[in-house]
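Working notes, structure below.
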Amino acid sequence: MVKMMSIELHELSPRNTNACRLFTKAQQALSARNFALAAELSCRYRESVCYDELYRHDGRNVATPALSIIIVAYNTGTELIKCLKSVFAGERQNFEVIIVDNGGNELAVPLLAQLPILYIKTPMKLILSESRNIGVHCAKAPICAFLDDDAIVRPKYVESILAAFRIPHVHAIRGKIEPKNPNAMKGNAEHHDLGPTPAIRAIDAEGCSAWRTLTYKDANGMDPLLLKHEGTDLSLRLERMFGNAVTFYWPNLLIHREFAADKEKNEAKVAEHALMDEYLEWKHAHSGLLQFPKAASSTLTQKDAPRVQQKKTGNAPLISVLLPAYNAEGFLAECLQSILCQSVQDFEILLIDDCSTDTTADIVRGFSDERIRYHKNPENLGLAESLNLGLRLARGKYIARMDADDVNREYRFATQVRLMENNPRVCICAGSCYRFGASSGYMNYPFTNEDLKNNILFRNPFPHPFVMLRSAFFKQNAVEYSTAYAYGEDYALWLRLAHRYPECVFANVPYIVGGYRTHSASMTAVKKAVAAEDVASMLRPYLENVCGDVSDDEALIHSGLARNQFRVATPEEWLRKKQWLIRLKEANDRKSVYHQLIFRKNIMQKLFELCKANLWLGPWVVKQFASYEDAKTFGVSKELTNKLYVVAEEASRAIKQFTMKHGVECAPVMTMSSANEASAATA
């Protein structure tokens with residue numbers, strides 16, 4: 001007997017329950033045309049939601065598919081089954097199907113459970129853009145296709161998509177849509193059929209489109225708030241990443257589906273389009289960014305590929321790549337290759353060899369590229385001094401940092417140069433990156449100057465290997481890295497720039513720009529202690545600017561919180577960290593050194609992480625967190641705190657059972673009485 005696959009809101013994880021509330025509030029703010037609030041809530045939603053905690057039933061039987069077909073279904077009924085039958089009737093079977101169920105398909109679910117698909121139930125009725133993001137997150141294939149849930153595909157549907165992506169510079173395509181009923185009213189759907197010739201085109205028919213999976217993820221997917229124009233918005237971001245001629249109309253990709261046939265539906269679409277137009281104009285600052293060529297006479301050939309700048313060997317390259325290396329033989333070749341394959345080729349590579357004792361020099365000599373300038377230090381100077389030497393030797397208008405064990409995306413330089421060319425006051429920019437090697441995951445950063453500078457006491461605002469610097473600013477102001485710190489020389493520099501040079505604007509591109517390699521040999525305990533002291537020392541004067549005298553202990557507490565070290569050894573230590581954060585928040589409320597709302601949000605996030613990491617202390621720690629005055633302000637729900645209580649109680653019982661069984665305490669359990677004693681002792 002097939003089990004009905006369903007999930008209700010109350011069955012969600014606390015994290016996703018809170019995310020649903022944020023998404024609903026974001027939609028309400030969007031409808032009220034409060035776009036700034038909508039964008040803020042949407043960002044908080046994306047930070048909160050966990051796609052891996054959504055209900056899913058995985059019946060996929062293809063281990064390495066060439067294509068992931070993603071169908072978002074809402075109240076589709078038997079039309080969804082017809083759609084799937086047409087997909088599986090094709091000649092090619094090297095694909096997987098992912099159904100993202102937005103609701104209203106209960107009668108079809110038992111049939112879906114018998115098919116070789118991945119079924120995902122959304123936590124609420126999401127709009128198409130966010131549901132597609134969920135599907136891409138779960139996709140295994142290098143190419144993802146979005147298909148309308150009531151569409152019928154022709155037999156060579158899969159092959160037509162794969163053929164397009166054999167052309168290297170194609171990153172996304174949209175196909176041709178014809179009505180199931182040839183006599184159906186087209187309404188406002190004239191753009192569905194653009195003729196028999198491939199052409200450069202924004203992706204404005206999302207339900208008949210396909211994307212390189214990695215490209216889609218690097219661009220942060222579709223905007224969750226966009227009900228219309230989501231493909232156009234993403235196409236614009238791809239153009240900024242790769243240049244023009246990367247998204248295409250591909251008529252060989254053909255589907256049949258119903259059009260909005262009645263006047264009422266068309267009028268509703270017109271109203272939706274108007275709201276989305278306003279939101280996008282606000283989002284992109286001016287409506288001109290939304291203009292795309294609607295046709296092109298050229299065929300889809302190599303001449304349409306984005307222009308790659310030719311190598312330049314003159315005295316003034318556009319970019320100087322500052323690449324320090326010390327015993328880097330294991331990864332240097334891969335790093336250099338990721339620089340040499342950039343879509344922007346006007347650069348020099350300043351490779352500063354800090355007296356390596358391995359084959360680093362031999363690897364450099366193996367690259368016969370005259371743009372590589374190799375300099376070997378006469379003695380081991382350390383990273384900060386090597387970087388300062390590179391700043392002095394750089395000839396480029398921009399200086400791109402790179403570490404010898406990391407890698408770039410091919411569009412990294414292009415996106416960063418474009419941002420800085422369009423914003424002359426931006427002196428530093430980077431972007432997001434992904435971790436690989438000993439650990440994996442993504443490292444995301446704020447985008448705007450306001451967020452970056454008002455976050456700076458709580459985290460390093462840039463991934464150092466991927467920053468780009470405006471050379472003129474650094475040379476005119478004689479700004480260099482401090483050699484006073486063994487670790488965090490970059491963080492010390494950003495702190496100094498943020499507080500002493502208001503004309504130095506910070507920014508990040510909203511894309512993945514590279515990969516940060518993590519090593520299995522992590523920092524030793526001695527190195528971690530030195531790093532903690534270094535960060536405490538560099539942060540201390542800025543903390544004192546907010547709240548007066550700061551003790552050594554308080555500086556070390558903040559250093560740990562800024563480096564996301566939340567575990568404590570005793571209840572007293574937990575209370576000291578909480579009280580420090582509250583002191584910092586109250587001081588900034590009085591003096592407004594930093595933007596109050598952003599600062600309070602950061603305090604709240606640190607308190608939450610501090611609570612979550614120490615639930616072994618018992619339910620008391622949850623009560624301390626939940627009673628904090630900003631908990632409700634920043635969306636901490638009752639369901640979330642109840643879940644934390646349950647986990648804390650389970651941890652307490654486990655500790656007590658361990659103590660009774662072995663006669664040894666594995667960790668202290670905080671009761672209300674001991675909590676009161678600890679609170680009094682640390683007041």
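Naming scheme: A, B, ... for chains in displayed order of the structure tokens; residues 1 onward per chain; ligands 1 onward as shown.
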Checklist entry - Quick one: residues within 8 Å of stretch 30-47 of chain A, only C-alpha atoms counted, chain neighbours fewer than 5 positions away excluded, as a PyMOL selection string? => result chain A and resi 19-20+22-23+25+224-225+275+279+282
Item to check | Spatial neighbours of A:Val593, 12 Å, only C-alpha atoms, chain gap at least 2 places, as a list in words | outcome: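 Here the answer would be Lys453, Asn454, Asn455, Leu457, His499, Tyr542, Leu543, Glu544, Asn545, Val546, Cys547, Leu584, Lys585, Glu586, Ala587, Asn588, Asp589, Arg590, Lys591, His595, Gln596, Leu597, Ile598 and Phe599 of chain A.
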Checklist entry - Quick one: of A:Ala271, A:Leu128, A:Phe625, A:Tyr594, who's nearest to A:Ile582, counting only C-alpha atoms? => result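 Under the stated criterion, the closest residue is A:Phe625.
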Checklist entry - Which is closest to A:Val100 among A:Glu130, A:Asp204, A:Glu489, A:Glu334, if we use only C-alpha atoms? => result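 Ranked by minimum distance to A:Val100, first place goes to A:Glu130.
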Item to check | Neighbour list for stretch 231-247 of chain A as a PyMOL selection string, cut-off 7 Å, only C-alpha atoms, skip fewer than 3 positions in-chain | outcome: chain A and resi 169-173+200-204+206+219+222+304-306+411+414-415
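Between atom CA of A:Val136 and atom CA of A:Gly221 there is a distance of 8.5 Å.
Those residues in stretch 79-189 of chain A carrying a DSSP assignment of strand (DSSP E), computed from the backbone, are A:Phe95, A:Glu96, A:Val97, A:Ile98, A:Ile99, A:Val100, A:Asp101, A:Leu118, A:Tyr119, A:Ile120, A:Lys121, A:Ile143, A:Cys144, A:Ala145, A:Phe146, A:Leu147, A:Asp148, A:Ile152, A:Val153, A:Ala172, A:Ile173, A:Arg174, A:Gly175, A:Lys176, A:Ile177, A:Glu178, A:Pro179.
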Would you export the selected residues with C-alpha atoms as a JSON list (two decimals), in the first residue's frame, please?
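File produced: result-v4.json:
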[["chain", "number", "residue", "atom", "x", "y", "z"],
["A", 95, "PHE", "CA", 17.65, 12.30, -16.95],
["A", 96, "GLU", "CA", 15.99, 12.69, -13.57],
["A", 97, "VAL", "CA", 12.65, 14.27, -12.72],
["A", 98, "ILE", "CA", 12.08, 16.43, -9.63],
["A", 99, "ILE", "CA", 8.52, 17.34, -8.64],
["A", 100, "VAL", "CA", 8.20, 20.30, -6.29],
["A", 101, "ASP", "CA", 4.65, 20.09, -4.95],
["A", 118, "LEU", "CA", 12.23, 12.91, -6.49],
["A", 119, "TYR", "CA", 9.10, 14.29, -4.84],
["A", 120, "ILE", "CA", 9.46, 17.36, -2.61],
["A", 121, "LYS", "CA", 6.64, 18.96, -0.61],
["A", 143, "ILE", "CA", 21.93, 21.09, -16.52],
["A", 144, "CYS", "CA", 18.49, 21.86, -15.07],
["A", 145, "ALA", "CA", 15.32, 22.31, -17.10],
["A", 146, "PHE", "CA", 12.13, 23.95, -15.82],
["A", 147, "LEU", "CA", 8.92, 22.56, -17.25],
["A", 148, "ASP", "CA", 5.37, 23.84, -16.73],
["A", 152, "ILE", "CA", 3.34, 18.19, -23.03],
["A", 153, "VAL", "CA", 6.81, 17.68, -24.48],
["A", 172, "ALA", "CA", 20.66, 29.33, -20.32],
["A", 173, "ILE", "CA", 18.05, 28.81, -23.01],
["A", 174, "ARG", "CA", 14.32, 29.32, -23.40],
["A", 175, "GLY", "CA", 12.28, 27.42, -25.94],
["A", 176, "LYS", "CA", 9.19, 27.78, -28.06],
["A", 177, "ILE", "CA", 5.69, 27.29, -26.60],
["A", 178, "GLU", "CA", 2.72, 26.32, -28.71],
["A", 179, "PRO", "CA", -0.86, 25.93, -27.44]]
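Distances from A:Cys611, A:Met276, A:Ala430, A:Met604 to A:Glu629 were compared using only C-alpha atoms, and the smallest one belongs to A:Met604.
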Item to check | Who sits within 8 Å of A:Phe436, only C-alpha atoms, same chain under 2 positions skipped, as number ranges by chain | outcome: A: 434, 438-441, 515-518
Item to check | Shell of 8 Å around A:Glu91, only C-alpha atoms, local chain residues under 2 positions omitted, as a PyMOL selection string | outcome: chain A and resi 89+93+155-156
Next on the checklist: Rounded to one decimal, what separation in Å do you get between atom CA of A:Thr633 and atom CA of A:Thr570?
Outcome noted: 28.8 Å
Checklist entry - Could you work out how far atom CA of A:Asp534 lies from atom CA of A:Glu329, giving the answer in Å with one decimal? => result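 Pair atom CA of A:Glu329 / atom CA of A:Asp534 returns 28.7 Å.
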